[in-house]
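Undergrad: I'd like to ask you about the structure that follows.
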Amino acid sequence: MFDIKDLYQEIIVDHNRNPRNFRVIADADKTMEGFNPLCGDRLKLYLKIDGGNISDIAFDGTGCAISVASASLMTDAMKGKSIDEAETLFNNFHCLITTENEIDTDHLGKLAVLAGVKNFPARVKCASLCWHTLHSALIGDKNPVTTE
Amino acid sequence: MNKKSNIVQQKNQPLGFDLKKIRNDFPILHQIINGKPLVYLDNAATSQKPKNVLDAIEKYYREYNSNIHRGVHTLSENATEAYELARLKVKNFINAQSNKEVIFVRGATEAINLVAQSFGRNSLNENDEIIITELEHHANIVPWQLLSEQTGATLKFIPINDNGELIIEEYKKLLSKNTKIVAVGHISNALGTINPIKTIINMAHEYEAKVLIDGAQATSHISVDVQKLDCDFYAFSGHKIFGPTGVGILYGKEVLLEKMPPYQGGGDMIKMVTMMETQYNDLPYKFEAGTPNISGAIGLGAAIDYVNEIGLENISQYENELLNYANQLASEITGLKFIGTAKQKTSILSFTLKGIHPHDIGTILNNEGIAIRTGHHCAMPVMEHFKIPATSRASFAFYNTHEEIDVLIKAIDKCKKVFN
């Protein structure tokens, strides 16, 4: 049994209520859509890439608190990162929300608050949707991302 | 216990309705989920199974499991008898004219697909029209979209108003001599609206259109008389009426079923096969190719026995009281919006909470031991109408209690605290 506050930590509630980087980048270098057909969560990511670095990143769309907070925290964490660094963070975040083992969360910063998701298996997809969307945008996928 | 307290205890229950006994008939209800007693309020998705259903299925597999309609041995005779007895129970339950009109299928979805393909594909062309509604479950939309692609027939929708009721004046405008099929849900799974199907059927028949009723949400709540309704087809699923999954019923008028070609080919649906041709079996076997879900049919028969014992009138009355109680308490929650406020409704409470996504509500409620459904409920056009991506839906059955509704309301309040 898990306390519901493990999942809905204060930072998550805050980022859901006031999502950061929640806007459209009209002249984005890359855009990518993510969709969770089971629950209807839908988001669009906008990226500006400058010399191999993510110079600006934003998102819009609708979703549950977990998916909105995850996208808000992710976009905050990604600003200024190189594409390689972004991919490493993607892999580390994936471990954070799916593996049973304790992992080193120092380098994840605020993203570590999403660790509680792994105790709520039905919600892992909510937290990971924006990350898969980012991953697809970075590797140059053409098709929108779906969690199914 | 003195007489007075006895009356108090019974005030919310119809006469002869023993809630304590009923709850004891459902073993699954007595368990702890996330440290709390289970409160199962997802009955519109699937209902729980009483002991007599579980026992009937187990007895079949333990004592007389065998194939039907072909063996000369005793086990096969017993299995055939039980399977056909289940058909008779269904026939009586919906008041069909004969056993020939009761076809065992996998569920309401397969029943609708059967009608679309066997009846629709052979009788529709590009000048014809199919009418469905904005309120339908995807299972009563997609088969007609497929049929429309295959035949060129046009698909039209009866719109709903903001209470979630069909607008009958609009339906009137859609009907014409080109209307060949009208397919309507008896009760909306997303909102609980009870549609005026008798009126809908009569209006369609004035244009000689055939009417299919998707009764998946209805048979566990209100009594159905297919002869009184005069519907041409009626579909429902076993698992929503306290029976097992993987079995359902297509009722069809004999005169229509006779003319329809088989839906699937295989064993049991034939009289004689040569390498060149096949003579099809009589109704209802013409539509039951292959070994059917024998245990499922027997389980469904037992479920119907159970419902009959309690009585659909008692069930409707008690569930209405539960719904009224839930509505009254929910209406006092600030920020809660009811989705679906039809005058005629079954026990479904679909709602949104301001600023809180339904999936977060579902997770928080689950942590309190409460099972509800969150999402679009396989009725995306309904969500579209209300301009929302999803709702939270609590759906009540006759084994639910007023105390469980108190737990629900308290948990909804907790959602607000978490996001405060």
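Every chain in the structure tokens has a letter given in the order shown (A, B, ...), and although residue numbers restart at 1 in each chain, ligands are simply numbered from 1 in the order shown.
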Counting only C-alpha atoms, which residues of chain A come no farther than 7 Å from chain B, as a list in words?
TA: Met1, Ile4, Val13, Cys39, Gly40, Cys64 and Ala65 of chain A
Undergrad: For stretch 320-327 of chain B, work out the shell of residues within 10 Å, counting only C-alpha atoms and skipping chain neighbours fewer than 2 positions away, then give it as a PyMOL selection string.
TA: chain B and resi 12-14+221+314-318+329-332+338+345-349+394-398+400-402+404-406+408-409
Undergrad: Could the residues in this selection be written to a file with C-alpha atoms, as a compact mmCIF listing (two decimals), in the first residue's frame?
TA:
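The resulting file, result.txt, is shown below:
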```
# COMPACT_ATOMS: atom_id res chain seq x y z
CA ASN B 12 -33.88 2.06 1.64
CA GLN B 13 -34.62 -1.43 0.44
CA PRO B 14 -37.62 -2.77 -1.45
CA HIS B 221 -31.24 -2.94 -14.82
CA ASN B 314 -36.69 -4.66 -7.04
CA ILE B 315 -33.34 -4.07 -8.71
CA SER B 316 -34.54 -0.96 -10.59
CA GLN B 317 -36.19 0.47 -7.50
CA TYR B 318 -33.16 -0.05 -5.25
CA LEU B 329 -24.50 14.07 -2.03
CA ALA B 330 -22.49 14.76 -5.19
CA SER B 331 -24.48 17.92 -5.93
CA GLU B 332 -23.11 19.39 -2.69
CA PHE B 338 -22.67 16.03 -13.68
CA LYS B 345 -31.51 7.30 -16.28
CA THR B 346 -30.05 4.14 -14.81
CA SER B 347 -27.58 4.13 -11.94
CA ILE B 348 -24.61 5.83 -13.59
CA LEU B 349 -22.94 8.89 -12.06
CA ALA B 394 -19.30 5.46 -10.92
CA SER B 395 -21.86 2.86 -11.91
CA PHE B 396 -23.95 1.11 -9.27
CA ALA B 397 -25.38 -2.39 -9.07
CA PHE B 398 -27.93 -3.81 -6.64
CA ASN B 400 -23.82 -1.67 -3.71
CA THR B 401 -24.76 0.11 -0.51
CA HIS B 402 -25.50 3.62 0.70
CA GLU B 404 -20.26 2.69 -0.21
CA ILE B 405 -21.60 5.90 -1.72
CA ASP B 406 -20.56 7.72 1.45
CA LEU B 408 -17.09 7.48 -2.66
CA ILE B 409 -18.16 11.00 -1.76
```
Undergrad: Hey, what's within 12 Å of A:Glu87 if we count only C-alpha atoms and toss same-chain stuff fewer than 6 positions away? As a list of chain:residue names, please?
TA: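 Residues meeting the cut-off are A:Asn53, A:Ile54, A:Met78, A:Lys81, A:Phe93, A:His94, A:Trp131, A:His132, A:Thr133, A:Leu134, A:His135, A:Ser136, A:Ala137, A:Leu138, A:Ile139.
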Undergrad: Name the residues in contact with A:Lys48 at a cut-off of 8 Å, using only C-alpha atoms, excluding same-chain residues fewer than 3 positions from it; report them as an NGL selection string.
TA: :A and (27-30 or 54-57)
Undergrad: Just list the residues in chain A DSSP gives strand (DSSP E or B) on the backbone, as a PyMOL selection string.
TA: chain A and resi 22+30-36+41-50+53-62+82+145-146
Undergrad: Using only C-alpha atoms, which residue out of B:Asp232, B:Ser176, B:Gln150, B:Ile310 lies closest to B:Leu19?
TA: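 When distances to B:Leu19 are compared using only C-alpha atoms, the smallest one comes from B:Ile310.
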